[in-house]
Amino acid sequence: MFAIGKASELSGVNIETIRYYEREGIVAKPDRSAAGRRLYTRDGIAKLRFVKRCRDLGFRLRSYRFFKR
């Protein structure tokens with residue numbers, strides 16, 4: 001499990017952008033630690049990387065609402 005800073009580093013997605021994607025339902029909200037910190041799995045980071053790559057290719061955000069699962 002990775003904190004949001006490490007997830008940002010590994011995925012190439014800015015921390016504020018990750019939070020935005022979660023708020024908008026583009027990616028599922030991650031589990032949280034007992035202290036309330038977001039904890040990302042390797043799968044969650046891969047999904048962030050996928051969304052970033054799609055955005056780089058010109059896809060619009062509403063195209064990935066299905067990705068929430």
# chains A, B, ... in the order shown; residues from 1 in each chain; ligands from 1
$ select_by_dssp --residues "chain A" --states "helix (DSSP H, G or I)" --output "PyMOL selection string"
chain A and resi 4-11+15-24+42-56+61-68
$ select_by_dssp --residues "chain A" --states "strand (DSSP E)" --output "compact mmCIF listing (two decimals) with all heavy atoms, in the first residue's frame"
# COMPACT_ATOMS: atom_id res chain seq x y z
N ASP A 31 -8.86 2.81 -0.09
CA ASP A 31 -9.04 2.55 1.34
C ASP A 31 -8.24 3.58 2.11
O ASP A 31 -7.35 4.23 1.57
CB ASP A 31 -8.54 1.14 1.69
CG ASP A 31 -9.41 0.06 1.08
OD1 ASP A 31 -10.61 0.32 0.83
OD2 ASP A 31 -8.89 -1.04 0.84
N ARG A 32 -8.56 3.70 3.39
CA ARG A 32 -7.84 4.66 4.24
C ARG A 32 -7.23 3.94 5.43
O ARG A 32 -7.76 2.93 5.88
CB ARG A 32 -8.79 5.74 4.72
CG ARG A 32 -9.33 6.56 3.55
CD ARG A 32 -9.51 7.97 3.94
NE ARG A 32 -9.98 8.77 2.84
CZ ARG A 32 -9.56 9.99 2.63
NH1 ARG A 32 -8.68 10.53 3.44
NH2 ARG A 32 -10.02 10.69 1.63
N ARG A 38 -5.04 8.20 2.68
CA ARG A 38 -5.36 7.36 1.52
C ARG A 38 -4.26 6.33 1.32
O ARG A 38 -3.08 6.65 1.40
CB ARG A 38 -5.46 8.22 0.27
CG ARG A 38 -6.63 9.16 0.24
CD ARG A 38 -6.47 10.09 -0.97
NE ARG A 38 -7.64 10.87 -1.22
CZ ARG A 38 -7.90 12.05 -0.67
NH1 ARG A 38 -7.05 12.58 0.18
NH2 ARG A 38 -8.99 12.70 -0.97
N LEU A 39 -4.67 5.10 1.00
CA LEU A 39 -3.72 4.02 0.75
C LEU A 39 -4.01 3.42 -0.62
O LEU A 39 -5.10 2.88 -0.85
CB LEU A 39 -3.82 2.94 1.84
CG LEU A 39 -3.47 3.39 3.25
CD1 LEU A 39 -3.76 2.26 4.23
CD2 LEU A 39 -2.00 3.80 3.32
$ closest_residue --among "A:Arg37, A:Lys52, A:Arg23, A:Lys29" --to "Leu10 (chain A)" --atoms "only C-alpha atoms"
A:Lys52
$ residues_around --residues "Arg49 (chain A)" --least-positions-apart "6" --cutoff "12 Å" --atoms "only C-alpha atoms" --output "PyMOL selection string"
chain A and resi 7-14+17-18+27+42-43+55-56
$ write_last_selection --atoms "N, CA and C atoms" --output "mmCIF file, in the first residue's frame"
data_model
loop_
_atom_site.group_PDB
_atom_site.id
_atom_site.type_symbol
_atom_site.label_atom_id
_atom_site.label_comp_id
_atom_site.auth_asym_id
_atom_site.auth_seq_id
_atom_site.Cartn_x
_atom_site.Cartn_y
_atom_site.Cartn_z
ATOM 1 N N ALA A 7 1.998 7.335 -4.700
ATOM 2 C CA ALA A 7 1.103 6.996 -5.812
ATOM 3 C C ALA A 7 1.242 8.031 -6.929
ATOM 4 N N SER A 8 1.367 9.287 -6.557
ATOM 5 C CA SER A 8 1.561 10.355 -7.529
ATOM 6 C C SER A 8 2.878 10.168 -8.275
ATOM 7 N N GLU A 9 3.920 9.880 -7.537
ATOM 8 C CA GLU A 9 5.239 9.675 -8.127
ATOM 9 C C GLU A 9 5.240 8.479 -9.089
ATOM 10 N N LEU A 10 4.645 7.377 -8.666
ATOM 11 C CA LEU A 10 4.643 6.156 -9.483
ATOM 12 C C LEU A 10 3.736 6.245 -10.709
ATOM 13 N N SER A 11 2.646 7.008 -10.590
ATOM 14 C CA SER A 11 1.692 7.100 -11.702
ATOM 15 C C SER A 11 1.971 8.272 -12.633
ATOM 16 N N GLY A 12 2.684 9.282 -12.130
ATOM 17 C CA GLY A 12 2.915 10.480 -12.929
ATOM 18 C C GLY A 12 1.752 11.444 -12.907
ATOM 19 N N VAL A 13 0.815 11.223 -11.976
ATOM 20 C CA VAL A 13 -0.377 12.071 -11.856
ATOM 21 C C VAL A 13 -0.216 12.953 -10.616
ATOM 22 N N ASN A 14 -0.428 14.239 -10.765
ATOM 23 C CA ASN A 14 -0.318 15.203 -9.682
ATOM 24 C C ASN A 14 -1.270 14.839 -8.537
ATOM 25 N N THR A 17 -4.678 16.297 -8.812
ATOM 26 C CA THR A 17 -5.410 15.653 -9.901
ATOM 27 C C THR A 17 -5.965 14.316 -9.441
ATOM 28 N N ILE A 18 -5.193 13.573 -8.659
ATOM 29 C CA ILE A 18 -5.683 12.307 -8.106
ATOM 30 C C ILE A 18 -6.920 12.565 -7.258
ATOM 31 N N VAL A 27 -11.910 7.547 -10.797
ATOM 32 C CA VAL A 27 -11.292 6.376 -10.168
ATOM 33 C C VAL A 27 -11.954 6.187 -8.805
ATOM 34 N N ARG A 42 -1.192 -1.317 -5.935
ATOM 35 C CA ARG A 42 -0.544 -1.297 -7.252
ATOM 36 C C ARG A 42 -1.594 -1.213 -8.363
ATOM 37 N N ASP A 43 -2.730 -1.881 -8.159
ATOM 38 C CA ASP A 43 -3.818 -1.836 -9.134
ATOM 39 C C ASP A 43 -4.379 -0.417 -9.256
ATOM 40 N N ARG A 55 -5.726 10.503 -21.171
ATOM 41 C CA ARG A 55 -5.792 11.963 -21.263
ATOM 42 C C ARG A 55 -4.705 12.479 -22.198
ATOM 43 N N ASP A 56 -3.501 11.901 -22.095
ATOM 44 C CA ASP A 56 -2.405 12.305 -22.982
ATOM 45 C C ASP A 56 -2.752 12.055 -24.448
#
$ atom_distance --atom1 "CA of Leu48 (chain A)" --atom2 "CA of Tyr21 (chain A)"
8.8 Å
$ atom_distance --atom1 "CA of Arg53 (chain A)" --atom2 "CA of Ile26 (chain A)"
13.7 Å
$ atom_distance --atom1 "CA of Phe50 (chain A)" --atom2 "CA of Gly25 (chain A)"
14.9 Å
$ closest_residue --among "A:Ala46, A:Leu61, A:Ala34, A:Ile4" --to "Glu16 (chain A)" --atoms "only C-alpha atoms"
A:Ile4
$ decode --residues "region 8-25 of chain A" --atoms "N, CA, C and O atoms" --output "compact mmCIF listing (two decimals), in the first residue's frame"
# COMPACT_ATOMS: atom_id res chain seq x y z
N SER A 8 1.37 9.29 -6.56
CA SER A 8 1.56 10.36 -7.53
C SER A 8 2.88 10.17 -8.28
O SER A 8 2.93 10.25 -9.51
N GLU A 9 3.92 9.88 -7.54
CA GLU A 9 5.24 9.67 -8.13
C GLU A 9 5.24 8.48 -9.09
O GLU A 9 5.76 8.56 -10.20
N LEU A 10 4.64 7.38 -8.67
CA LEU A 10 4.64 6.16 -9.48
C LEU A 10 3.74 6.25 -10.71
O LEU A 10 4.00 5.63 -11.73
N SER A 11 2.65 7.01 -10.59
CA SER A 11 1.69 7.10 -11.70
C SER A 11 1.97 8.27 -12.63
O SER A 11 1.51 8.28 -13.77
N GLY A 12 2.68 9.28 -12.13
CA GLY A 12 2.92 10.48 -12.93
C GLY A 12 1.75 11.44 -12.91
O GLY A 12 1.69 12.38 -13.70
N VAL A 13 0.82 11.22 -11.98
CA VAL A 13 -0.38 12.07 -11.86
C VAL A 13 -0.22 12.95 -10.62
O VAL A 13 0.10 12.46 -9.53
N ASN A 14 -0.43 14.24 -10.76
CA ASN A 14 -0.32 15.20 -9.68
C ASN A 14 -1.27 14.84 -8.54
O ASN A 14 -2.38 14.35 -8.78
N ILE A 15 -0.87 15.11 -7.30
CA ILE A 15 -1.69 14.79 -6.13
C ILE A 15 -3.08 15.43 -6.22
O ILE A 15 -4.09 14.77 -5.97
N GLU A 16 -3.13 16.69 -6.55
CA GLU A 16 -4.44 17.37 -6.65
C GLU A 16 -5.29 16.75 -7.75
O GLU A 16 -6.51 16.67 -7.62
N THR A 17 -4.68 16.30 -8.81
CA THR A 17 -5.41 15.65 -9.90
C THR A 17 -5.97 14.32 -9.44
O THR A 17 -7.10 13.96 -9.77
N ILE A 18 -5.19 13.57 -8.66
CA ILE A 18 -5.68 12.31 -8.11
C ILE A 18 -6.92 12.56 -7.26
O ILE A 18 -7.94 11.87 -7.40
N ARG A 19 -6.87 13.56 -6.40
CA ARG A 19 -8.03 13.90 -5.55
C ARG A 19 -9.23 14.29 -6.40
O ARG A 19 -10.37 13.92 -6.10
N TYR A 20 -8.98 15.05 -7.47
CA TYR A 20 -10.06 15.45 -8.38
C TYR A 20 -10.69 14.23 -9.03
O TYR A 20 -11.92 14.10 -9.08
N TYR A 21 -9.87 13.32 -9.53
CA TYR A 21 -10.38 12.09 -10.16
C TYR A 21 -11.25 11.31 -9.18
O TYR A 21 -12.27 10.75 -9.56
N GLU A 22 -10.85 11.26 -7.93
CA GLU A 22 -11.65 10.56 -6.91
C GLU A 22 -12.97 11.26 -6.67
O GLU A 22 -14.02 10.63 -6.63
N ARG A 23 -12.94 12.58 -6.52
CA ARG A 23 -14.17 13.36 -6.28
C ARG A 23 -15.16 13.20 -7.43
O ARG A 23 -16.36 13.11 -7.21
N GLU A 24 -14.64 13.19 -8.65
CA GLU A 24 -15.49 13.12 -9.83
C GLU A 24 -15.91 11.69 -10.19
O GLU A 24 -16.67 11.50 -11.12
N GLY A 25 -15.40 10.71 -9.47
CA GLY A 25 -15.78 9.33 -9.72
C GLY A 25 -15.07 8.69 -10.90
O GLY A 25 -15.51 7.67 -11.42
